[in-house]
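See below for start35.pdb, which holds PDB, C-alpha atoms.
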```
ATOM      1  CA  MET A   1       0.000   0.000   0.000
ATOM      2  CA  ILE A   2       1.238   3.395  -0.821
ATOM      3  CA  GLN A   3       1.259   4.626   2.732
ATOM      4  CA  ALA A   4       3.954   2.096   3.605
ATOM      5  CA  HIS A   5       6.427   4.768   4.472
ATOM      6  CA  ARG A   6       7.055   8.316   3.602
ATOM      7  CA  GLY A   7       8.988   9.058   0.482
ATOM      8  CA  ARG A   8       8.030   5.946  -1.364
ATOM      9  CA  LEU A   9       5.773   7.680  -3.786
ATOM     10  CA  GLY A  10       8.455  10.185  -4.561
ATOM     11  CA  LYS A  11      10.714   7.394  -5.640
ATOM     12  CA  MET A  12       7.925   5.876  -7.602
ATOM     13  CA  SER A  13       7.629   8.991  -9.637
ATOM     14  CA  LYS A  14      10.740   7.913 -11.429
ATOM     15  CA  SER A  15       9.244   4.566 -12.173
ATOM     16  CA  GLY A  16       5.719   3.559 -11.398
ATOM     17  CA  PHE A  17       4.007   6.890 -11.533
ATOM     18  CA  SER A  18       5.390   7.872 -14.838
ATOM     19  CA  HIS A  19       4.612   4.502 -16.206
ATOM     20  CA  TRP A  20       1.002   5.099 -15.286
ATOM     21  CA  VAL A  21       1.286   8.073 -17.533
ATOM     22  CA  GLU A  22       2.261   5.936 -20.451
ATOM     23  CA  LEU A  23      -0.488   3.464 -19.759
ATOM     24  CA  GLY A  24      -2.930   6.249 -19.084
ATOM     25  CA  ARG A  25      -2.281   7.533 -22.540
ATOM     26  CA  VAL A  26      -2.758   4.127 -24.044
ATOM     27  CA  ILE A  27      -5.994   3.296 -22.323
ATOM     28  CA  ALA A  28      -7.436   6.707 -23.094
ATOM     29  CA  GLY A  29     -10.920   6.307 -21.690
ATOM     30  CA  GLY A  30     -10.272   3.843 -18.949
ATOM     31  CA  ILE A  31      -9.755   4.172 -15.259
ATOM     32  CA  LEU A  32      -6.413   2.828 -14.307
ATOM     33  CA  VAL A  33      -6.389   1.329 -10.860
ATOM     34  CA  VAL A  34      -2.998   1.049  -9.334
ATOM     35  CA  GLN A  35      -2.244  -1.225  -6.486
ATOM     36  CA  GLU A  36       0.993  -1.219  -4.697
ATOM     37  CA  ARG A  37       1.829  -4.517  -3.105
ATOM     38  CA  GLY A  38       5.197  -3.899  -1.588
ATOM     39  CA  PRO A  39       8.420  -2.089  -2.119
ATOM     40  CA  GLN A  40       9.482  -4.123  -5.083
ATOM     41  CA  ARG A  41       6.577  -5.796  -6.718
ATOM     42  CA  PHE A  42       3.171  -5.090  -8.041
ATOM     43  CA  VAL A  43       0.346  -7.146  -9.321
ATOM     44  CA  ALA A  44      -1.484  -6.648 -12.565
ATOM     45  CA  ARG A  45      -5.099  -7.339 -11.893
ATOM     46  CA  THR A  46      -6.494  -7.134 -15.342
ATOM     47  CA  SER A  47      -4.359 -10.008 -16.350
ATOM     48  CA  PRO A  48      -6.236 -13.281 -16.874
ATOM     49  CA  ALA A  49      -3.380 -15.124 -15.235
ATOM     50  CA  ARG A  50      -2.357 -12.629 -12.683
ATOM     51  CA  GLN A  51       0.826 -13.401 -10.960
ATOM     52  CA  PRO A  52       2.941 -11.025  -8.947
ATOM     53  CA  MET A  53       5.850 -10.028 -11.051
ATOM     54  CA  GLU A  54       9.284  -9.253  -9.866
ATOM     55  CA  ARG A  55      10.604  -5.808 -10.417
ATOM     56  CA  GLY A  56      11.730  -5.081 -13.930
ATOM     57  CA  LYS A  57      10.219  -8.143 -15.525
ATOM     58  CA  TRP A  58       6.770  -6.687 -15.501
ATOM     59  CA  LEU A  59       7.500  -3.902 -17.886
ATOM     60  CA  ARG A  60       8.996  -6.073 -20.565
ATOM     61  CA  ARG A  61       6.670  -9.012 -20.354
ATOM     62  CA  GLU A  62       3.377  -7.716 -19.088
ATOM     63  CA  SER A  63       3.029  -4.238 -20.439
ATOM     64  CA  CYS A  64       2.730  -5.306 -24.058
ATOM     65  CA  ARG A  65       0.082  -7.819 -23.180
ATOM     66  CA  HIS A  66      -1.792  -5.284 -21.109
ATOM     67  CA  ARG A  67      -1.561  -2.611 -23.679
ATOM     68  CA  ARG A  68      -3.158  -4.933 -26.180
ATOM     69  CA  TYR A  69      -5.826  -5.787 -23.643
ATOM     70  CA  LEU A  70      -6.466  -2.204 -22.650
ATOM     71  CA  ARG A  71      -6.498  -0.980 -26.199
ATOM     72  CA  SER A  72      -9.195  -3.441 -27.015
ATOM     73  CA  THR A  73     -11.225  -2.683 -23.902
ATOM     74  CA  ARG A  74     -10.962   1.110 -23.814
ATOM     75  CA  THR A  75     -13.342   1.714 -20.946
ATOM     76  CA  GLY A  76     -13.907   0.271 -17.563
ATOM     77  CA  ILE A  77     -11.872  -0.069 -14.449
ATOM     78  CA  PHE A  78      -8.430  -1.446 -14.722
ATOM     79  CA  ARG A  79      -6.877  -2.809 -11.635
ATOM     80  CA  LEU A  80      -3.415  -2.471 -12.780
ATOM     81  CA  ALA A  81      -0.090  -1.870 -11.245
ATOM     82  CA  CYS A  82       3.265  -1.702 -12.743
ATOM     83  CA  ILE A  83       6.792  -0.756 -12.146
ATOM     84  CA  ALA A  84       9.702   0.069 -14.312
ATOM     85  CA  ARG A  85      13.166   0.735 -13.082
ATOM     86  CA  ARG A  86      13.462   3.589 -15.495
ATOM     87  CA  CYS A  87      10.541   5.190 -17.149
ATOM     88  CA  ARG A  88      11.171   6.145 -20.714
ATOM     89  CA  MET A  89       9.337   9.364 -20.277
ATOM     90  CA  CYS A  90      11.180  10.436 -17.159
ATOM     91  CA  TRP A  91      14.431   9.271 -18.600
ATOM     92  CA  ASN A  92      13.963  11.399 -21.653
ATOM     93  CA  ALA A  93      12.656  14.376 -19.740
ATOM     94  CA  SER A  94      14.860  17.206 -18.695
ATOM     95  CA  VAL A  95      16.209  17.300 -15.170
ATOM     96  CA  LYS A  96      13.883  20.165 -14.386
ATOM     97  CA  ALA A  97      10.827  18.353 -15.689
ATOM     98  CA  ARG A  98      11.818  15.207 -13.837
ATOM     99  CA  SER A  99      12.226  17.045 -10.559
ATOM    100  CA  GLN A 100       8.900  18.791 -11.102
ATOM    101  CA  ARG A 101       7.150  15.472 -11.554
ATOM    102  CA  CYS A 102       8.880  14.108  -8.472
ATOM    103  CA  ALA A 103       7.838  17.127  -6.454
ATOM    104  CA  VAL A 104       4.230  16.705  -7.515
ATOM    105  CA  ALA A 105       4.430  13.009  -6.693
ATOM    106  CA  ASP A 106       5.613  13.917  -3.214
ATOM    107  CA  ARG A 107       2.576  16.108  -2.794
ATOM    108  CA  LEU A 108       0.347  13.287  -3.872
ATOM    109  CA  ASN A 109       2.062  10.983  -1.429
ATOM    110  CA  ARG A 110       1.471  13.436   1.361
ATOM    111  CA  ILE A 111      -2.183  13.868   0.517
ATOM    112  CA  TYR A 112      -2.698  10.132   0.379
ATOM    113  CA  HIS A 113      -1.080   9.722   3.804
ATOM    114  CA  LEU A 114      -3.220  12.404   5.321
ATOM    115  CA  ALA A 115      -6.473  11.185   3.785
ATOM    116  CA  PHE A 116      -5.695   7.616   4.742
ATOM    117  CA  SER A 117      -4.862   8.669   8.300
ATOM    118  CA  THR A 118      -8.506   9.554   8.884
ATOM    119  CA  GLY A 119      -9.354   5.871   8.655
ATOM    120  CA  GLN A 120     -12.364   6.761   6.514
ATOM    121  CA  LEU A 121     -10.914   6.833   3.043
ATOM    122  CA  ALA A 122     -12.973   4.770   0.615
ATOM    123  CA  ARG A 123     -11.544   5.655  -2.788
ATOM    124  CA  PHE A 124      -8.637   7.761  -3.932
ATOM    125  CA  VAL A 125      -8.570   8.825  -7.569
ATOM    126  CA  VAL A 126      -5.941  10.892  -9.345
ATOM    127  CA  PHE A 127      -6.583  12.699 -12.584
ATOM    128  CA  GLY A 128      -5.449  15.762 -14.496
ATOM    129  CA  SER A 129      -2.066  16.625 -15.858
ATOM    130  CA  PHE A 130      -0.179  14.412 -13.466
ATOM    131  CA  VAL A 131      -1.535  11.293 -15.123
ATOM    132  CA  THR A 132      -0.982  12.486 -18.645
ATOM    133  CA  THR A 133       2.092  12.651 -20.781
ATOM    134  CA  LYS A 134       2.786  16.188 -19.666
ATOM    135  CA  SER A 135       6.415  16.220 -18.649
ATOM    136  CA  SER A 136       6.124  18.746 -15.860
ATOM    137  CA  PRO A 137       2.653  18.778 -14.327
ATOM    138  CA  ASN A 138       1.789  21.785 -12.233
ATOM    139  CA  ASP A 139      -0.374  20.241  -9.601
ATOM    140  CA  VAL A 140      -2.257  17.232  -8.395
ATOM    141  CA  ASP A 141      -5.954  16.683  -8.972
ATOM    142  CA  VAL A 142      -7.615  14.286  -6.605
ATOM    143  CA  ILE A 143     -11.077  12.903  -5.969
ATOM    144  CA  LEU A 144     -11.680  11.447  -2.542
ATOM    145  CA  LEU A 145     -14.641   9.330  -1.613
ATOM    146  CA  MET A 146     -15.024   8.933   2.110
ATOM    147  CA  GLU A 147     -17.029   6.441   4.090
ATOM    148  CA  ASP A 148     -20.490   7.543   5.131
ATOM    149  CA  THR A 149     -19.408   7.643   8.760
ATOM    150  CA  PHE A 150     -16.822  10.307   8.022
ATOM    151  CA  ASP A 151     -17.107  13.431  10.143
ATOM    152  CA  LEU A 152     -14.752  16.229   9.228
ATOM    153  CA  ALA A 153     -15.268  17.895  12.592
ATOM    154  CA  SER A 154     -13.442  15.006  14.215
ATOM    155  CA  VAL A 155     -10.405  15.486  11.983
ATOM    156  CA  THR A 156      -7.821  17.857  13.335
ATOM    157  CA  GLY A 157      -4.473  19.187  12.252
ATOM    158  CA  GLU A 158      -2.991  18.787   8.820
ATOM    159  CA  PRO A 159      -5.364  16.057   7.585
ATOM    160  CA  ALA A 160      -8.248  18.493   7.920
ATOM    161  CA  LEU A 161      -6.629  20.767   5.347
ATOM    162  CA  VAL A 162      -6.983  18.117   2.681
ATOM    163  CA  PHE A 163     -10.748  18.447   2.828
ATOM    164  CA  GLN A 164     -10.860  22.215   2.438
ATOM    165  CA  HIS A 165     -10.508  22.936  -1.261
ATOM    166  CA  MET A 166      -8.806  26.317  -0.984
ATOM    167  CA  GLU A 167      -6.555  25.316   1.877
ATOM    168  CA  ALA A 168      -5.534  22.153   0.070
ATOM    169  CA  ASP A 169      -4.704  24.194  -2.985
ATOM    170  CA  ALA A 170      -2.577  26.614  -1.007
ATOM    171  CA  HIS A 171      -1.010  24.080   1.329
ATOM    172  CA  PHE A 172      -0.466  21.073  -0.912
ATOM    173  CA  GLY A 173      -0.745  22.507  -4.386
ATOM    174  CA  ALA A 174      -3.600  20.143  -5.032
ATOM    175  CA  SER A 175      -7.154  20.406  -6.230
ATOM    176  CA  VAL A 176      -9.115  18.099  -3.991
ATOM    177  CA  PHE A 177     -12.725  17.217  -4.609
ATOM    178  CA  TRP A 178     -14.403  15.001  -2.093
ATOM    179  CA  THR A 179     -17.677  13.693  -0.863
ATOM    180  CA  LYS A 180     -18.972  10.818   1.140
ATOM    181  CA  ARG A 181     -19.996   7.697  -0.720
ATOM    182  CA  SER A 182     -23.661   8.470  -0.316
ATOM    183  CA  GLY A 183     -23.091  11.989  -1.597
ATOM    184  CA  ALA A 184     -21.800  10.891  -4.972
ATOM    185  CA  LEU A 185     -24.243  11.795  -7.717
ATOM    186  CA  GLY A 186     -25.440   8.681  -9.506
ATOM    187  CA  GLY A 187     -23.391   6.456  -7.235
ATOM    188  CA  GLU A 188     -19.696   6.483  -6.582
ATOM    189  CA  GLN A 189     -18.716   4.672  -9.743
ATOM    190  CA  ALA A 190     -20.739   6.955 -11.974
ATOM    191  CA  MET A 191     -19.295   9.973 -10.265
ATOM    192  CA  ILE A 192     -15.731   8.827 -10.735
ATOM    193  CA  GLU A 193     -16.364   7.914 -14.333
ATOM    194  CA  TYR A 194     -17.818  11.331 -14.996
ATOM    195  CA  TRP A 195     -14.436  12.874 -14.303
ATOM    196  CA  GLN A 196     -13.152  11.131 -17.385
ATOM    197  CA  ALA A 197     -15.076  13.498 -19.630
ATOM    198  CA  ARG A 198     -12.984  15.887 -21.656
ATOM    199  CA  ARG A 199     -14.011  19.254 -22.935
ATOM    200  CA  GLU A 200     -12.852  18.365 -26.426
ATOM    201  CA  GLY A 201     -15.055  15.285 -26.318
ATOM    202  CA  GLY A 202     -14.192  11.726 -25.522
ATOM    203  CA  ARG A 203     -12.801  10.445 -22.304
ATOM    204  CA  ARG A 204      -9.472  10.455 -20.598
ATOM    205  CA  GLY A 205      -7.743   7.955 -18.428
ATOM    206  CA  ILE A 206      -7.648   8.508 -14.703
ATOM    207  CA  VAL A 207      -5.906   6.568 -11.969
ATOM    208  CA  GLU A 208      -7.324   5.066  -8.828
ATOM    209  CA  ILE A 209      -5.056   4.016  -6.029
ATOM    210  CA  VAL A 210      -6.271   1.023  -4.095
ATOM    211  CA  GLU A 211      -5.022  -0.563  -0.956
ATOM    212  CA  GLU A 212      -3.207  -3.790  -0.692
ATOM    213  CA  GLY A 213      -5.481  -6.781  -0.864
ATOM    214  CA  SER A 214      -8.553  -4.868  -1.988
TER     215      SER A 214
ATOM    216  CA  MET B   1     -10.019  28.258 -22.665
ATOM    217  CA  ILE B   2     -13.161  27.346 -24.556
ATOM    218  CA  ALA B   3     -12.370  27.246 -28.254
ATOM    219  CA  ASN B   4     -15.655  26.546 -29.994
ATOM    220  CA  ASP B   5     -19.371  25.914 -29.581
ATOM    221  CA  ALA B   6     -18.907  22.211 -28.972
ATOM    222  CA  GLU B   7     -16.592  22.889 -26.066
ATOM    223  CA  LEU B   8     -18.978  25.525 -24.793
ATOM    224  CA  GLN B   9     -21.779  22.993 -24.790
ATOM    225  CA  THR B  10     -19.673  20.465 -22.938
ATOM    226  CA  THR B  11     -18.680  23.062 -20.383
ATOM    227  CA  LEU B  12     -22.277  24.104 -19.804
ATOM    228  CA  GLU B  13     -23.250  20.481 -19.340
ATOM    229  CA  ARG B  14     -20.389  20.102 -16.921
ATOM    230  CA  ILE B  15     -21.533  23.095 -14.912
ATOM    231  CA  GLY B  16     -24.992  21.551 -14.785
ATOM    232  CA  TRP B  17     -23.546  18.288 -13.565
ATOM    233  CA  PHE B  18     -21.643  20.041 -10.790
ATOM    234  CA  GLN B  19     -24.772  21.879  -9.745
ATOM    235  CA  GLN B  20     -26.671  18.612  -9.621
ATOM    236  CA  GLN B  21     -23.868  17.135  -7.572
ATOM    237  CA  LEU B  22     -24.209  19.983  -5.096
ATOM    238  CA  ALA B  23     -27.973  19.597  -4.965
ATOM    239  CA  HIS B  24     -27.511  15.898  -4.286
ATOM    240  CA  LEU B  25     -24.992  16.731  -1.565
ATOM    241  CA  ARG B  26     -27.463  19.077   0.079
ATOM    242  CA  ARG B  27     -30.017  16.298   0.212
ATOM    243  CA  THR B  28     -27.718  13.618   1.537
ATOM    244  CA  GLU B  29     -25.314  15.456   3.809
ATOM    245  CA  ALA B  30     -26.713  16.427   7.174
ATOM    246  CA  ASN B  31     -23.444  17.514   8.710
ATOM    247  CA  PRO B  32     -22.845  21.220   8.012
ATOM    248  CA  VAL B  33     -19.083  20.982   8.452
ATOM    249  CA  ASN B  34     -18.895  18.169   5.955
ATOM    250  CA  TYR B  35     -21.206  19.921   3.558
ATOM    251  CA  ARG B  36     -19.364  23.211   3.473
ATOM    252  CA  ALA B  37     -16.009  21.556   2.979
ATOM    253  CA  ALA B  38     -17.204  19.124   0.327
ATOM    254  CA  ALA B  39     -19.158  21.799  -1.503
ATOM    255  CA  SER B  40     -16.211  24.198  -1.602
ATOM    256  CA  GLY B  41     -14.410  22.176  -4.261
ATOM    257  CA  PHE B  42     -17.412  21.867  -6.527
ATOM    258  CA  LEU B  43     -18.282  25.533  -6.098
ATOM    259  CA  ALA B  44     -14.753  26.572  -6.988
ATOM    260  CA  GLU B  45     -14.892  24.427 -10.076
ATOM    261  CA  ILE B  46     -18.243  25.903 -11.101
ATOM    262  CA  ASP B  47     -16.796  29.383 -10.662
ATOM    263  CA  ARG B  48     -13.804  28.518 -12.793
ATOM    264  CA  MET B  49     -15.909  27.087 -15.587
ATOM    265  CA  GLN B  50     -18.378  29.958 -15.499
ATOM    266  CA  LEU B  51     -15.493  32.361 -15.884
ATOM    267  CA  GLU B  52     -14.380  30.434 -18.935
ATOM    268  CA  VAL B  53     -17.886  30.653 -20.346
ATOM    269  CA  ARG B  54     -17.968  34.358 -19.662
ATOM    270  CA  ASP B  55     -14.645  34.843 -21.421
ATOM    271  CA  PHE B  56     -15.934  32.879 -24.368
ATOM    272  CA  PHE B  57     -19.018  35.080 -24.667
ATOM    273  CA  CYS B  58     -16.998  38.278 -24.487
ATOM    274  CA  PHE B  59     -15.903  38.077 -28.092
ATOM    275  CA  LEU B  60     -17.280  37.239 -31.489
ATOM    276  CA  PRO B  61     -15.910  34.039 -33.047
ATOM    277  CA  ASN B  62     -13.441  35.847 -35.319
ATOM    278  CA  GLU B  63     -12.234  37.968 -32.403
ATOM    279  CA  SER B  64     -11.869  34.891 -30.259
ATOM    280  CA  GLU B  65      -9.590  33.285 -32.811
ATOM    281  CA  GLY B  66      -7.335  36.317 -32.776
ATOM    282  CA  ALA B  67      -7.331  36.415 -29.014
ATOM    283  CA  ALA B  68      -6.536  32.710 -28.900
ATOM    284  CA  GLU B  69      -3.534  33.179 -31.149
ATOM    285  CA  GLN B  70      -2.234  35.971 -28.954
ATOM    286  CA  ASP B  71      -2.935  33.942 -25.891
ATOM    287  CA  THR B  72      -1.152  30.801 -27.068
ATOM    288  CA  GLY B  73       0.643  29.112 -24.245
ATOM    289  CA  ALA B  74      -1.159  31.016 -21.578
ATOM    290  CA  ASP B  75      -3.538  28.165 -20.859
ATOM    291  CA  GLY B  76      -1.308  25.979 -18.766
ATOM    292  CA  GLY B  77      -4.197  24.888 -16.602
ATOM    293  CA  ARG B  78      -4.559  21.593 -14.924
ATOM    294  CA  GLY B  79      -7.443  20.403 -16.992
ATOM    295  CA  VAL B  80      -9.766  19.780 -14.117
ATOM    296  CA  GLY B  81     -13.328  19.202 -15.034
ATOM    297  CA  VAL B  82     -13.849  19.374 -18.709
ATOM    298  CA  SER B  83     -10.525  20.805 -19.641
ATOM    299  CA  GLY B  84      -8.208  18.620 -21.566
ATOM    300  CA  ALA B  85      -5.780  17.006 -19.209
TER     301      ALA B  85
END
```

Take the structure in this file and express it as structure tokens.
Amino acid sequence: MIQAHRGRLGKMSKSGFSHWVELGRVIAGGILVVQERGPQRFVARTSPARQPMERGKWLRRESCRHRRYLRSTRTGIFRLACIARRCRMCWNASVKARSQRCAVADRLNRIYHLAFSTGQLARFVVFGSFVTTKSSPNDVDVILLMEDTFDLASVTGEPALVFQHMEADAHFGASVFWTKRSGALGGEQAMIEYWQARREGGRRGIVEIVEEGS
Amino acid sequence: MIANDAELQTTLERIGWFQQQLAHLRRTEANPVNYRAAASGFLAEIDRMQLEVRDFFCFLPNESEGAAEQDTGADGGRGVGVSGA
């Protein structure tokens, strides 16, 4: 799970996160669900024969298969995780762009920690420029769905800032949209899928982070 | 920045969806602290999109094209909502 320890997501920005970007571009209209299983391995859940893959092997062996699968499917939820020691995109990016992406990944890591620390986090979805091919995204865009028992008044300190849109923007450089599960228009799945809509028409890929074993 | 009528239509639909989301939130959320905090994000997004709509309506189509050319590169937004990511 991503909250394993601080700093992990920052490291992932050089590998896993940016690889989401590549896959996000490929799947276009799909929701990419990323599951982190441990420091060095991930599991690809869309795979018919899903086996945990050791670091490095996944990219070469699984990604092609998944890309074919995702390209043919186009929409839906993809429980997918991946890791690459070196992401082509990050590798090719300038040092400045790379550090920008890492910095934004750190913000995302922090937000995830804080939201998770409430014990009421139901779904955590990332969208916007961070999960596109943009080399240096400006900020993080997040949708949080909280359990129906969530009470913001009981949350104190830094985690409370995550749930105030303006404060989150100023404090974390993130645009956070949230509601409780019951407050999601059309149901939580429909609400999340709606965020895939693009102004130019069509749909874009977004990324959901899920916990280990879910 | 809204570039054409199709994007305008999508943006208006998106504003409507956000308003419906807020109306749904008002019905389902009894906790005022939760409501205000949750609504703040959707309200900010509605404001942002309405400003885009307003900007779009400020000019005739041929003027908009000229303004868009001058404004190239200025739209480095995050693509939240209906904007292209």

Residue nearest chain B among A:Glu147, A:Glu167, A:Glu158, A:Glu200 (counting all atoms listed in the file): A:Glu200

Within 7 Å of chain B: residues of chain A, using all atoms listed in the file, as a ChimeraX atom specification: /A:128-129,132,138-139,151-153,163-165,176-179,182-183,185,195,197-200

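Once Asp141 of chain A and its same-chain neighbours fewer than 5 positions away are set aside, Val126, Phe127, Gly128, Ala174 and Ser175 of chain A remain within 6 Å of it when counting all atoms listed in the file.
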
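Note that the spacing between atom CA of Val125 of chain A and atom CA of Tyr194 of chain A amounts to 12.1 Å.
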
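Atom CA of Pro159 of chain A is found 23.7 Å from atom CA of Gln100 of chain A.
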
Kindly provide, as JSON, the centre and edge lengths (Å, one decimal) of an axis-aligned box around all atoms of segment 122-126 of chain A given in the file, with 6 Å on each side.
```
{"center_x": -9.5, "center_y": 7.8, "center_z": -4.4, "size_x": 19.0, "size_y": 18.1, "size_z": 22.0}
```
